[in-house]
$ cat input.pdb   # PDB, C-alpha atoms
ATOM      1  CA  MET X  30      65.927  38.537 -21.623
ATOM      2  CA  GLY X  31      66.715  38.549 -17.878
ATOM      3  CA  ASN X  32      69.981  36.759 -18.501
ATOM      4  CA  ILE X  33      71.038  39.342 -21.161
ATOM      5  CA  VAL X  34      70.466  42.377 -18.883
ATOM      6  CA  CYS X  35      71.584  40.448 -15.755
ATOM      7  CA  CYS X  36      68.212  40.952 -13.954
ATOM      8  CA  VAL X  37      65.750  38.402 -12.534
ATOM      9  CA  GLN X  38      62.210  38.739 -11.216
ATOM     10  CA  VAL X  39      60.833  36.948  -8.118
ATOM     11  CA  ASP X  40      57.019  36.758  -7.967
ATOM     12  CA  GLN X  41      54.855  37.521  -4.953
ATOM     13  CA  SER X  42      54.535  34.715  -2.344
ATOM     14  CA  GLN X  43      57.769  33.184  -3.588
ATOM     15  CA  VAL X  44      61.465  33.356  -2.766
ATOM     16  CA  ALA X  45      64.455  32.431  -4.939
ATOM     17  CA  MET X  46      67.764  30.823  -3.998
ATOM     18  CA  LYS X  47      70.812  32.755  -5.306
ATOM     19  CA  GLU X  48      74.016  30.790  -5.792
ATOM     20  CA  GLY X  49      77.528  31.785  -6.780
ATOM     21  CA  PHE X  50      79.524  29.086  -8.517
ATOM     22  CA  GLY X  51      77.172  26.475  -7.022
ATOM     23  CA  LYS X  52      77.275  27.777  -3.450
ATOM     24  CA  PHE X  53      74.243  29.271  -1.702
ATOM     25  CA  GLU X  54      74.585  32.998  -1.142
ATOM     26  CA  LYS X  55      71.235  34.519  -0.198
ATOM     27  CA  VAL X  56      67.463  34.305  -0.395
ATOM     28  CA  LEU X  57      65.879  36.661  -2.924
ATOM     29  CA  HIS X  58      62.469  38.046  -1.947
ATOM     30  CA  PRO X  59      59.735  39.238  -4.382
ATOM     31  CA  GLY X  60      60.917  41.939  -6.743
ATOM     32  CA  CYS X  61      63.682  42.597  -9.291
ATOM     33  CA  HIS X  62      67.252  41.553  -8.533
ATOM     34  CA  CYS X  63      70.606  41.930 -10.283
ATOM     35  CA  MET X  64      72.051  38.609 -11.392
ATOM     36  CA  PRO X  65      75.506  38.929 -13.095
ATOM     37  CA  TRP X  66      75.638  35.508 -14.663
ATOM     38  CA  PHE X  67      79.051  36.134 -16.115
ATOM     39  CA  LEU X  68      80.399  36.188 -12.514
ATOM     40  CA  GLY X  69      79.008  32.723 -11.798
ATOM     41  CA  LYS X  70      75.761  33.935 -10.225
ATOM     42  CA  ARG X  71      72.510  32.057 -10.907
ATOM     43  CA  ILE X  72      69.053  31.209  -9.520
ATOM     44  CA  ALA X  73      69.077  27.661  -8.145
ATOM     45  CA  GLY X  74      65.307  27.542  -7.853
ATOM     46  CA  HIS X  75      62.135  29.068  -6.430
ATOM     47  CA  LEU X  76      60.237  28.183  -3.259
ATOM     48  CA  SER X  77      56.544  28.952  -2.713
ATOM     49  CA  LEU X  78      55.500  30.501   0.601
ATOM     50  CA  ARG X  79      51.801  29.752   0.087
ATOM     51  CA  VAL X  80      49.886  27.343   2.294
ATOM     52  CA  GLN X  81      49.730  23.924   0.640
ATOM     53  CA  GLN X  82      47.526  20.939   1.439
ATOM     54  CA  LEU X  83      48.440  17.282   1.453
ATOM     55  CA  ASP X  84      45.698  14.628   1.732
ATOM     56  CA  ILE X  85      46.906  11.338   3.191
ATOM     57  CA  LYS X  86      45.047   8.034   3.504
ATOM     58  CA  CYS X  87      46.559   5.704   6.093
ATOM     59  CA  GLU X  88      45.428   2.120   6.751
ATOM     60  CA  THR X  89      45.787   0.925  10.334
ATOM     61  CA  LYS X  90      44.143  -1.394  12.864
ATOM     62  CA  THR X  91      42.139  -0.615  15.990
ATOM     63  CA  LYS X  92      42.724  -2.065  19.421
ATOM     64  CA  ALA X  93      41.843  -5.744  19.908
ATOM     65  CA  GLY X  94      38.992  -6.293  22.346
ATOM     66  CA  LEU X  95      36.811  -9.040  23.827
ATOM     67  CA  LEU X  96      33.190  -9.226  24.928
ATOM     68  CA  LEU X  97      32.381 -11.196  28.087
ATOM     69  CA  SER X  98      29.180 -13.239  27.961
ATOM     70  CA  LYS X  99      27.656 -15.630  30.476
ATOM     71  CA  THR X 100      28.998 -18.671  28.670
ATOM     72  CA  SER X 101      32.093 -17.613  26.746
ATOM     73  CA  ILE X 102      34.465 -14.863  25.665
ATOM     74  CA  ILE X 103      33.914 -13.710  22.087
ATOM     75  CA  PRO X 104      35.743 -11.122  19.960
ATOM     76  CA  ASN X 105      34.214  -7.653  19.872
ATOM     77  CA  LEU X 106      33.004  -6.898  16.349
ATOM     78  CA  HIS X 107      33.866  -3.234  16.841
ATOM     79  CA  ASP X 108      37.545  -3.872  17.666
ATOM     80  CA  ASN X 109      40.644  -5.319  16.009
ATOM     81  CA  VAL X 110      39.484  -4.147  12.574
ATOM     82  CA  PHE X 111      41.319  -2.343   9.804
ATOM     83  CA  VAL X 112      40.313   1.250   9.139
ATOM     84  CA  ASN X 113      41.418   3.899   6.659
ATOM     85  CA  VAL X 114      42.172   7.202   8.368
ATOM     86  CA  VAL X 115      42.078  10.185   6.002
ATOM     87  CA  ALA X 116      44.114  13.218   7.141
ATOM     88  CA  SER X 117      44.467  16.654   5.536
ATOM     89  CA  ILE X 118      47.757  18.434   6.297
ATOM     90  CA  GLN X 119      48.128  22.161   5.638
ATOM     91  CA  TYR X 120      51.727  23.396   5.665
ATOM     92  CA  ARG X 121      53.963  26.157   4.289
ATOM     93  CA  ALA X 122      57.627  27.091   4.061
ATOM     94  CA  LEU X 123      58.944  29.704   6.517
ATOM     95  CA  ALA X 124      60.405  32.797   4.880
ATOM     96  CA  ASN X 125      63.153  33.119   7.509
ATOM     97  CA  LYS X 126      64.186  29.484   6.973
ATOM     98  CA  ALA X 127      63.667  29.318   3.232
ATOM     99  CA  ASN X 128      67.208  28.030   2.567
ATOM    100  CA  ASP X 129      66.635  25.098   4.952
ATOM    101  CA  ALA X 130      63.299  24.282   3.279
ATOM    102  CA  PHE X 131      64.924  24.358  -0.164
ATOM    103  CA  TYR X 132      68.200  22.535   0.491
ATOM    104  CA  LYS X 133      67.498  20.106   3.359
ATOM    105  CA  LEU X 134      64.507  18.235   1.925
ATOM    106  CA  SER X 135      64.304  16.722  -1.514
ATOM    107  CA  ASN X 136      60.763  15.305  -1.100
ATOM    108  CA  THR X 137      58.753  17.424   1.327
ATOM    109  CA  ARG X 138      55.414  15.706   0.756
ATOM    110  CA  GLY X 139      56.918  12.255   1.178
ATOM    111  CA  GLN X 140      58.581  13.314   4.440
ATOM    112  CA  ILE X 141      55.329  14.708   5.856
ATOM    113  CA  GLN X 142      53.438  11.574   4.807
ATOM    114  CA  ALA X 143      55.984   9.367   6.612
ATOM    115  CA  TYR X 144      55.538  11.313   9.865
ATOM    116  CA  VAL X 145      51.737  11.160   9.581
ATOM    117  CA  PHE X 146      51.791   7.400   8.996
ATOM    118  CA  ASP X 147      54.066   6.920  11.993
ATOM    119  CA  VAL X 148      51.869   8.919  14.416
ATOM    120  CA  ILE X 149      48.524   7.497  13.213
ATOM    121  CA  ARG X 150      49.769   3.904  13.335
ATOM    122  CA  ALA X 151      51.064   4.517  16.849
ATOM    123  CA  SER X 152      47.871   6.176  18.133
ATOM    124  CA  VAL X 153      44.925   4.302  16.587
ATOM    125  CA  PRO X 154      45.949   0.766  17.728
ATOM    126  CA  LYS X 155      45.585   1.995  21.332
ATOM    127  CA  LEU X 156      41.886   2.788  20.784
ATOM    128  CA  ASN X 157      38.860   0.690  19.957
ATOM    129  CA  LEU X 158      36.717   1.684  17.000
ATOM    130  CA  ASP X 159      34.190   3.780  18.935
ATOM    131  CA  ASP X 160      36.946   5.679  20.734
ATOM    132  CA  THR X 161      38.709   6.282  17.421
ATOM    133  CA  PHE X 162      35.651   8.133  16.123
ATOM    134  CA  GLU X 163      35.229  10.067  19.370
ATOM    135  CA  GLN X 164      38.898  11.029  19.756
ATOM    136  CA  LYS X 165      39.836  11.974  16.206
ATOM    137  CA  ASN X 166      40.582  15.532  17.356
ATOM    138  CA  GLU X 167      43.132  14.140  19.814
ATOM    139  CA  ILE X 168      44.658  12.046  17.015
ATOM    140  CA  ALA X 169      44.928  15.140  14.807
ATOM    141  CA  LYS X 170      46.537  17.084  17.656
ATOM    142  CA  ALA X 171      49.108  14.335  18.225
ATOM    143  CA  VAL X 172      49.939  14.276  14.498
ATOM    144  CA  GLU X 173      50.327  18.059  14.407
ATOM    145  CA  GLU X 174      52.550  18.245  17.507
ATOM    146  CA  GLU X 175      54.850  15.461  16.330
ATOM    147  CA  ARG X 176      55.260  16.872  12.823
ATOM    148  CA  GLU X 177      55.664  20.442  14.089
ATOM    149  CA  LYS X 178      58.730  19.428  16.070
ATOM    150  CA  ALA X 179      60.179  17.445  13.153
ATOM    151  CA  MET X 180      59.376  19.776  10.249
ATOM    152  CA  SER X 181      60.423  23.057  11.926
ATOM    153  CA  ALA X 182      64.039  21.907  11.648
ATOM    154  CA  TYR X 183      63.590  21.733   7.871
ATOM    155  CA  GLY X 184      62.084  25.215   7.535
ATOM    156  CA  TYR X 185      58.405  24.221   7.337
ATOM    157  CA  GLU X 186      55.446  25.205   9.499
ATOM    158  CA  ILE X 187      52.400  22.965  10.045
ATOM    159  CA  VAL X 188      49.375  25.277   9.842
ATOM    160  CA  GLN X 189      46.547  22.826  10.469
ATOM    161  CA  THR X 190      45.955  19.083  10.742
ATOM    162  CA  LEU X 191      42.492  17.606  10.187
ATOM    163  CA  ILE X 192      41.266  14.016  10.440
ATOM    164  CA  THR X 193      38.559  14.263   7.795
ATOM    165  CA  ASP X 194      37.329  10.678   7.690
ATOM    166  CA  ILE X 195      37.618   7.278   9.349
ATOM    167  CA  GLU X 196      36.475   4.434   7.098
ATOM    168  CA  PRO X 197      36.033   0.933   8.579
ATOM    169  CA  ASP X 198      35.584  -2.104   6.411
ATOM    170  CA  GLN X 199      32.151  -2.349   4.776
ATOM    171  CA  HIS X 200      31.278  -5.509   6.740
ATOM    172  CA  VAL X 201      32.048  -3.673   9.983
ATOM    173  CA  LYS X 202      29.837  -0.765   8.894
ATOM    174  CA  THR X 203      26.990  -3.163   8.168
ATOM    175  CA  ALA X 204      27.390  -4.857  11.558
ATOM    176  CA  MET X 205      27.440  -1.505  13.358
ATOM    177  CA  ASN X 206      24.283  -0.368  11.555
ATOM    178  CA  GLU X 207      22.513  -3.622  12.416
ATOM    179  CA  ILE X 208      23.499  -3.286  16.088
ATOM    180  CA  ASN X 209      22.252   0.304  16.210
ATOM    181  CA  ALA X 210      19.017  -0.657  14.453
ATOM    182  CA  ALA X 211      18.438  -3.528  16.913
ATOM    183  CA  ALA X 212      19.081  -1.225  19.869
ATOM    184  CA  ARG X 213      16.615   1.359  18.535
ATOM    185  CA  MET X 214      13.997  -1.334  17.899
ATOM    186  CA  ARG X 215      14.473  -2.584  21.469
ATOM    187  CA  ILE X 216      13.969   0.925  22.831
ATOM    188  CA  ALA X 217      10.889   1.380  20.621
ATOM    189  CA  ALA X 218       9.436  -1.940  21.852
ATOM    190  CA  ASN X 219       9.996  -0.919  25.478
ATOM    191  CA  GLU X 220       8.318   2.427  24.876
ATOM    192  CA  LYS X 221       5.374   0.758  23.128
ATOM    193  CA  ALA X 222       4.957  -1.755  25.982
ATOM    194  CA  GLU X 223       5.103   1.063  28.533
ATOM    195  CA  ALA X 224       2.460   2.994  26.601
ATOM    196  CA  GLU X 225       0.180  -0.054  26.438
ATOM    197  CA  LYS X 226       0.684  -0.580  30.177
ATOM    198  CA  ILE X 227      -0.342   3.014  30.885
ATOM    199  CA  LEU X 228      -3.400   2.639  28.633
ATOM    200  CA  GLN X 229      -4.496  -0.536  30.427
ATOM    201  CA  ILE X 230      -4.035   1.100  33.828
ATOM    202  CA  LYS X 231      -6.019   4.157  32.770
ATOM    203  CA  ARG X 232      -8.713   1.966  31.239
ATOM    204  CA  ALA X 233      -9.010  -0.081  34.449
ATOM    205  CA  GLU X 234      -9.134   3.095  36.532
ATOM    206  CA  GLY X 235     -11.856   4.452  34.246
ATOM    207  CA  GLU X 236     -13.917   1.264  34.508
ATOM    208  CA  ALA X 237     -13.563   1.247  38.292
ATOM    209  CA  GLU X 238     -14.651   4.883  38.499
ATOM    210  CA  SER X 239     -17.548   4.206  36.114
ATOM    211  CA  LYS X 240     -18.776   1.249  38.186
ATOM    212  CA  TYR X 241     -18.426   3.263  41.386
ATOM    213  CA  LEU X 242     -20.487   6.134  39.960
ATOM    214  CA  SER X 243     -23.038   3.687  38.526
ATOM    215  CA  GLY X 244     -23.434   2.081  41.956
ATOM    216  CA  MET X 245     -23.852   5.492  43.539
ATOM    217  CA  GLY X 246     -26.522   6.321  40.981
ATOM    218  CA  ILE X 247     -28.443   3.094  41.617
ATOM    219  CA  ALA X 248     -28.270   3.635  45.375
ATOM    220  CA  ARG X 249     -29.585   7.182  45.025
ATOM    221  CA  GLN X 250     -32.321   5.976  42.684
ATOM    222  CA  ARG X 251     -33.481   3.380  45.187
ATOM    223  CA  GLN X 252     -33.297   5.911  48.011
ATOM    224  CA  ALA X 253     -35.432   8.307  45.963
ATOM    225  CA  ILE X 254     -38.021   5.571  45.342
ATOM    226  CA  VAL X 255     -38.185   4.708  49.031
ATOM    227  CA  ASP X 256     -38.503   8.394  49.987
ATOM    228  CA  GLY X 257     -41.276   8.862  47.415
ATOM    229  CA  LEU X 258     -43.213   5.878  48.655
ATOM    230  CA  ARG X 259     -42.861   7.034  52.234
ATOM    231  CA  ASP X 260     -44.169  10.489  51.387
ATOM    232  CA  SER X 261     -47.078   8.978  49.441
ATOM    233  CA  VAL X 262     -48.053   6.709  52.346
ATOM    234  CA  ILE X 263     -47.841   9.539  54.877
ATOM    235  CA  GLY X 264     -49.855  11.910  52.652
ATOM    236  CA  PHE X 265     -52.602   9.357  51.954
ATOM    237  CA  SER X 266     -52.919   8.363  55.640
ATOM    238  CA  GLU X 267     -53.324  11.990  56.681
ATOM    239  CA  ASN X 268     -55.957  12.842  54.043
ATOM    240  CA  VAL X 269     -57.970   9.583  54.154
ATOM    241  CA  PRO X 270     -58.567   8.372  57.711
ATOM    242  CA  GLY X 271     -59.119   4.673  58.339
ATOM    243  CA  PRO X 272     -56.642   2.658  56.211
ATOM    244  CA  SER X 273     -53.397   1.630  57.852
ATOM    245  CA  ALA X 274     -50.001   2.463  56.466
ATOM    246  CA  LYS X 275     -49.592  -1.102  55.277
ATOM    247  CA  ASP X 276     -52.843  -0.950  53.294
ATOM    248  CA  VAL X 277     -51.798   2.255  51.627
ATOM    249  CA  MET X 278     -48.363   0.782  50.798
ATOM    250  CA  ASP X 279     -49.975  -2.272  49.197
ATOM    251  CA  MET X 280     -52.203  -0.076  47.065
ATOM    252  CA  VAL X 281     -49.303   2.101  45.897
ATOM    253  CA  LEU X 282     -47.163  -0.890  45.002
ATOM    254  CA  VAL X 283     -49.983  -2.528  43.084
ATOM    255  CA  THR X 284     -50.545   0.726  41.163
ATOM    256  CA  GLN X 285     -46.868   0.843  40.236
ATOM    257  CA  TYR X 286     -47.002  -2.817  39.298
ATOM    258  CA  PHE X 287     -49.792  -2.205  36.778
ATOM    259  CA  ASP X 288     -47.983   0.866  35.391
ATOM    260  CA  THR X 289     -44.944  -1.280  34.793
ATOM    261  CA  MET X 290     -46.958  -3.960  33.020
ATOM    262  CA  LYS X 291     -48.540  -1.270  30.854
ATOM    263  CA  GLU X 292     -45.127   0.060  29.798
ATOM    264  CA  ILE X 293     -43.871  -3.410  28.990
ATOM    265  CA  GLY X 294     -46.880  -4.065  26.825
ATOM    266  CA  ALA X 295     -46.586  -0.712  25.038
ATOM    267  CA  ALA X 296     -42.901  -1.171  24.138
ATOM    268  CA  SER X 297     -42.347  -2.378  20.571
ATOM    269  CA  LYS X 298     -39.405  -4.669  21.413
ATOM    270  CA  SER X 299     -40.364  -5.815  24.869
ATOM    271  CA  SER X 300     -39.967  -9.409  25.962
ATOM    272  CA  ALA X 301     -42.825 -11.478  27.388
ATOM    273  CA  VAL X 302     -42.928 -11.689  31.190
ATOM    274  CA  PHE X 303     -44.765 -14.669  32.748
ATOM    275  CA  ILE X 304     -45.897 -14.133  36.346
ATOM    276  CA  PRO X 305     -48.736 -15.626  38.456
ATOM    277  CA  HIS X 306     -51.777 -13.433  37.910
ATOM    278  CA  GLY X 307     -55.241 -13.415  39.389
ATOM    279  CA  PRO X 308     -57.440 -11.589  41.940
ATOM    280  CA  GLY X 309     -55.912 -13.450  44.831
ATOM    281  CA  ALA X 310     -52.357 -12.921  43.664
ATOM    282  CA  VAL X 311     -52.383  -9.130  43.934
ATOM    283  CA  ARG X 312     -51.488  -9.224  47.644
ATOM    284  CA  ASP X 313     -48.701 -11.705  46.976
ATOM    285  CA  VAL X 314     -47.331  -9.425  44.222
ATOM    286  CA  ALA X 315     -47.429  -6.465  46.563
ATOM    287  CA  SER X 316     -45.619  -8.444  49.259
ATOM    288  CA  GLN X 317     -42.897  -9.503  46.809
ATOM    289  CA  ILE X 318     -42.396  -5.944  45.507
ATOM    290  CA  CYS X 319     -42.251  -4.573  49.009
ATOM    291  CA  ASP X 320     -39.771  -7.169  50.159
ATOM    292  CA  GLY X 321     -37.586  -6.499  47.100
ATOM    293  CA  LEU X 322     -37.540  -2.739  47.659
ATOM    294  CA  LEU X 323     -36.798  -3.121  51.352
ATOM    295  CA  GLN X 324     -33.918  -5.512  50.652
ATOM    296  CA  GLY X 325     -32.541  -3.102  48.000
ATOM    297  CA  SER X 326     -32.721  -0.145  50.387
ATOM    298  CA  HIS X 327     -30.842  -2.085  53.122
ATOM    299  CA  GLN X 328     -28.093  -3.005  50.617
TER
END
$ encode --input "input.pdb" --output "structure tokens"
Amino acid sequence: MGNIVCCVQVDQSQVAMKEGFGKFEKVLHPGCHCMPWFLGKRIAGHLSLRVQQLDIKCETKTKAGLLLSKTSIIPNLHDNVFVNVVASIQYRALANKANDAFYKLSNTRGQIQAYVFDVIRASVPKLNLDDTFEQKNEIAKAVEEEREKAMSAYGYEIVQTLITDIEPDQHVKTAMNEINAAARMRIAANEKAEAEKILQIKRAEGEAESKYLSGMGIARQRQAIVDGLRDSVIGFSENVPGPSAKDVMDMVLVTQYFDTMKEIGAASKSSAVFIPHGPGAVRDVASQICDGLLQGSHQ
């Protein structure tokens, strides 16, 4: 119908190439245009001005590297490996250079892919695997700058370049995971050992403090016993004239001795105690108890 009435329609976000007898004349923008076909005028084709995306997967190799050990030089498992770099390229044709974009390139996507392969295969072999992951933004920037300079001459603009994925070989992935797991286990073992060390130190400090306090308690107990005996001897000597302090001390110690024997006998789970016993042994018992208390108080 457009050919009969000599009119053509160009849709939004597109431009059309008008030719006369096979020669480019002008770029037709969206809208309705007169096209007198009987004068040799025709539409050579349409060009989209929308942003398009091209996903590219490029295989390349990382930088070769060596690990130095105490005995030998061994290859680094993280380097000199093949990786697949996945890049997403967003591009569009420039409206003011639409004729260049239409006539100068026959395979736009193939041309862009060739530039991306060239830049990635020139950049990644300079980096080891870890640096490749860390510097993928720099790789994307290098790809974008190189293609921007090349593609602008053909009427195309590079909108955005993204390195979306870096895929090492599966064996390399497994080795990296094992190395990371071993490193984390080593850190966990160090932390556990440090925690056990702290627990042992705290336990030893607690035992030392407990023994110190126990010794203080025993010393105070013995001091209290000695003070009590002294007060008893002084009080008895003042109220009952005649006996000496030594006689009173013997009597008090013997009384405590019999109280102790009574408690031992009354206890349900007490052990048997065998000591010399008799009327003449009371003074010897008192002397032994006195000597023991005096030695304890001096300690």
$ residues_around --input "input.pdb" --residues "range 133-142 of chain X" --least-positions-apart "5" --cutoff "12 Å" --atoms "only C-alpha atoms" --output "MDAnalysis selection string"
chainID X and resid 76 81:87 115:122 126:128 147:149 172:173 175:187 190
$ closest_residue --input "input.pdb" --among "X:Ile168, X:Val188, X:Ile195, X:Ala73" --to "Phe53 in chain X" --atoms "only C-alpha atoms"
X:Ala73
$ resolve_selection --input "input.pdb" --expression "the PyMOL selection byres ((chain X and resi 60) around 12)" --output "PyMOL selection string"
chain X and resi 36-45+56-59+61-63
$ write_last_selection --input "input.pdb" --atoms "C-alpha atoms" --output "PDB file, keeping the file's coordinate frame"
ATOM      1  CA  CYS X  36      68.212  40.952 -13.954  1.00  0.00           C
ATOM      2  CA  VAL X  37      65.750  38.402 -12.534  1.00  0.00           C
ATOM      3  CA  GLN X  38      62.210  38.739 -11.216  1.00  0.00           C
ATOM      4  CA  VAL X  39      60.833  36.948  -8.118  1.00  0.00           C
ATOM      5  CA  ASP X  40      57.019  36.758  -7.967  1.00  0.00           C
ATOM      6  CA  GLN X  41      54.855  37.521  -4.953  1.00  0.00           C
ATOM      7  CA  SER X  42      54.535  34.715  -2.344  1.00  0.00           C
ATOM      8  CA  GLN X  43      57.769  33.184  -3.588  1.00  0.00           C
ATOM      9  CA  VAL X  44      61.465  33.356  -2.766  1.00  0.00           C
ATOM     10  CA  ALA X  45      64.455  32.431  -4.939  1.00  0.00           C
ATOM     11  CA  VAL X  56      67.463  34.305  -0.395  1.00  0.00           C
ATOM     12  CA  LEU X  57      65.879  36.661  -2.924  1.00  0.00           C
ATOM     13  CA  HIS X  58      62.469  38.046  -1.947  1.00  0.00           C
ATOM     14  CA  PRO X  59      59.735  39.238  -4.382  1.00  0.00           C
ATOM     15  CA  CYS X  61      63.682  42.597  -9.291  1.00  0.00           C
ATOM     16  CA  HIS X  62      67.252  41.553  -8.533  1.00  0.00           C
ATOM     17  CA  CYS X  63      70.606  41.930 -10.283  1.00  0.00           C
TER      18      CYS X  63
END
$ closest_residue --input "input.pdb" --among "X:Gln285, X:Phe50, X:Ile192, X:Val145" --to "Glu163 in chain X" --atoms "only C-alpha atoms"
X:Ile192
$ atom_distance --input "input.pdb" --atom1 "CA of Asn125 in chain X" --atom2 "CA of Leu78 in chain X"
10.6 Å
$ atom_distance --input "input.pdb" --atom1 "CA of Asn209 in chain X" --atom2 "CA of Glu196 in chain X"
17.4 Å
$ resolve_selection --input "input.pdb" --expression "the PyMOL selection byres ((chain X and resi 111) around 9)" --output "JSON, numbers by chain"
{"X": [88, 89, 90, 91, 108, 109, 110, 112, 113, 196, 197, 198]}
$ atom_distance --input "input.pdb" --atom1 "CA of Asp129 in chain X" --atom2 "CA of Trp66 in chain X"
24.0 Å
$ closest_residue --input "input.pdb" --among "X:Leu158, X:Lys47, X:Gly244, X:Lys231" --to "His75 in chain X" --atoms "only C-alpha atoms"
X:Lys47
$ closest_residue --input "input.pdb" --among "X:Ile227, X:Ile72, X:Val153, X:Ala130" --to "Lys52 in chain X" --atoms "only C-alpha atoms"
X:Ile72
$ closest_residue --input "input.pdb" --among "X:Glu167, X:Ala211, X:Val114, X:Gln189" --to "Val80 in chain X" --atoms "all atoms listed in the file"
X:Gln189
$ closest_residue --input "input.pdb" --among "X:Phe146, X:Ser152, X:Met205, X:Cys35" --to "Met64 in chain X" --atoms "all atoms listed in the file"
X:Cys35
$ decode --input "input.pdb" --residues "range 134-149 of chain X" --atoms "C-alpha atoms" --output "PDB file, in the first residue's frame"
ATOM      1  CA  LEU X 134      29.598  -2.911   9.174  1.00  0.00           C
ATOM      2  CA  SER X 135      28.021  -6.048   7.821  1.00  0.00           C
ATOM      3  CA  ASN X 136      28.284  -8.046  11.085  1.00  0.00           C
ATOM      4  CA  THR X 137      28.156  -5.724  14.087  1.00  0.00           C
ATOM      5  CA  ARG X 138      27.952  -8.436  16.738  1.00  0.00           C
ATOM      6  CA  GLY X 139      30.855 -10.358  15.247  1.00  0.00           C
ATOM      7  CA  GLN X 140      32.981  -7.196  15.162  1.00  0.00           C
ATOM      8  CA  ILE X 141      32.254  -6.391  18.815  1.00  0.00           C
ATOM      9  CA  GLN X 142      32.991  -9.985  19.834  1.00  0.00           C
ATOM     10  CA  ALA X 143      36.379  -9.850  18.069  1.00  0.00           C
ATOM     11  CA  TYR X 144      37.375  -6.694  19.973  1.00  0.00           C
ATOM     12  CA  VAL X 145      36.258  -8.198  23.297  1.00  0.00           C
ATOM     13  CA  PHE X 146      38.245 -11.384  22.685  1.00  0.00           C
ATOM     14  CA  ASP X 147      41.323  -9.351  21.803  1.00  0.00           C
ATOM     15  CA  VAL X 148      41.219  -7.183  24.962  1.00  0.00           C
ATOM     16  CA  ILE X 149      40.367 -10.021  27.385  1.00  0.00           C
TER      17      ILE X 149
END
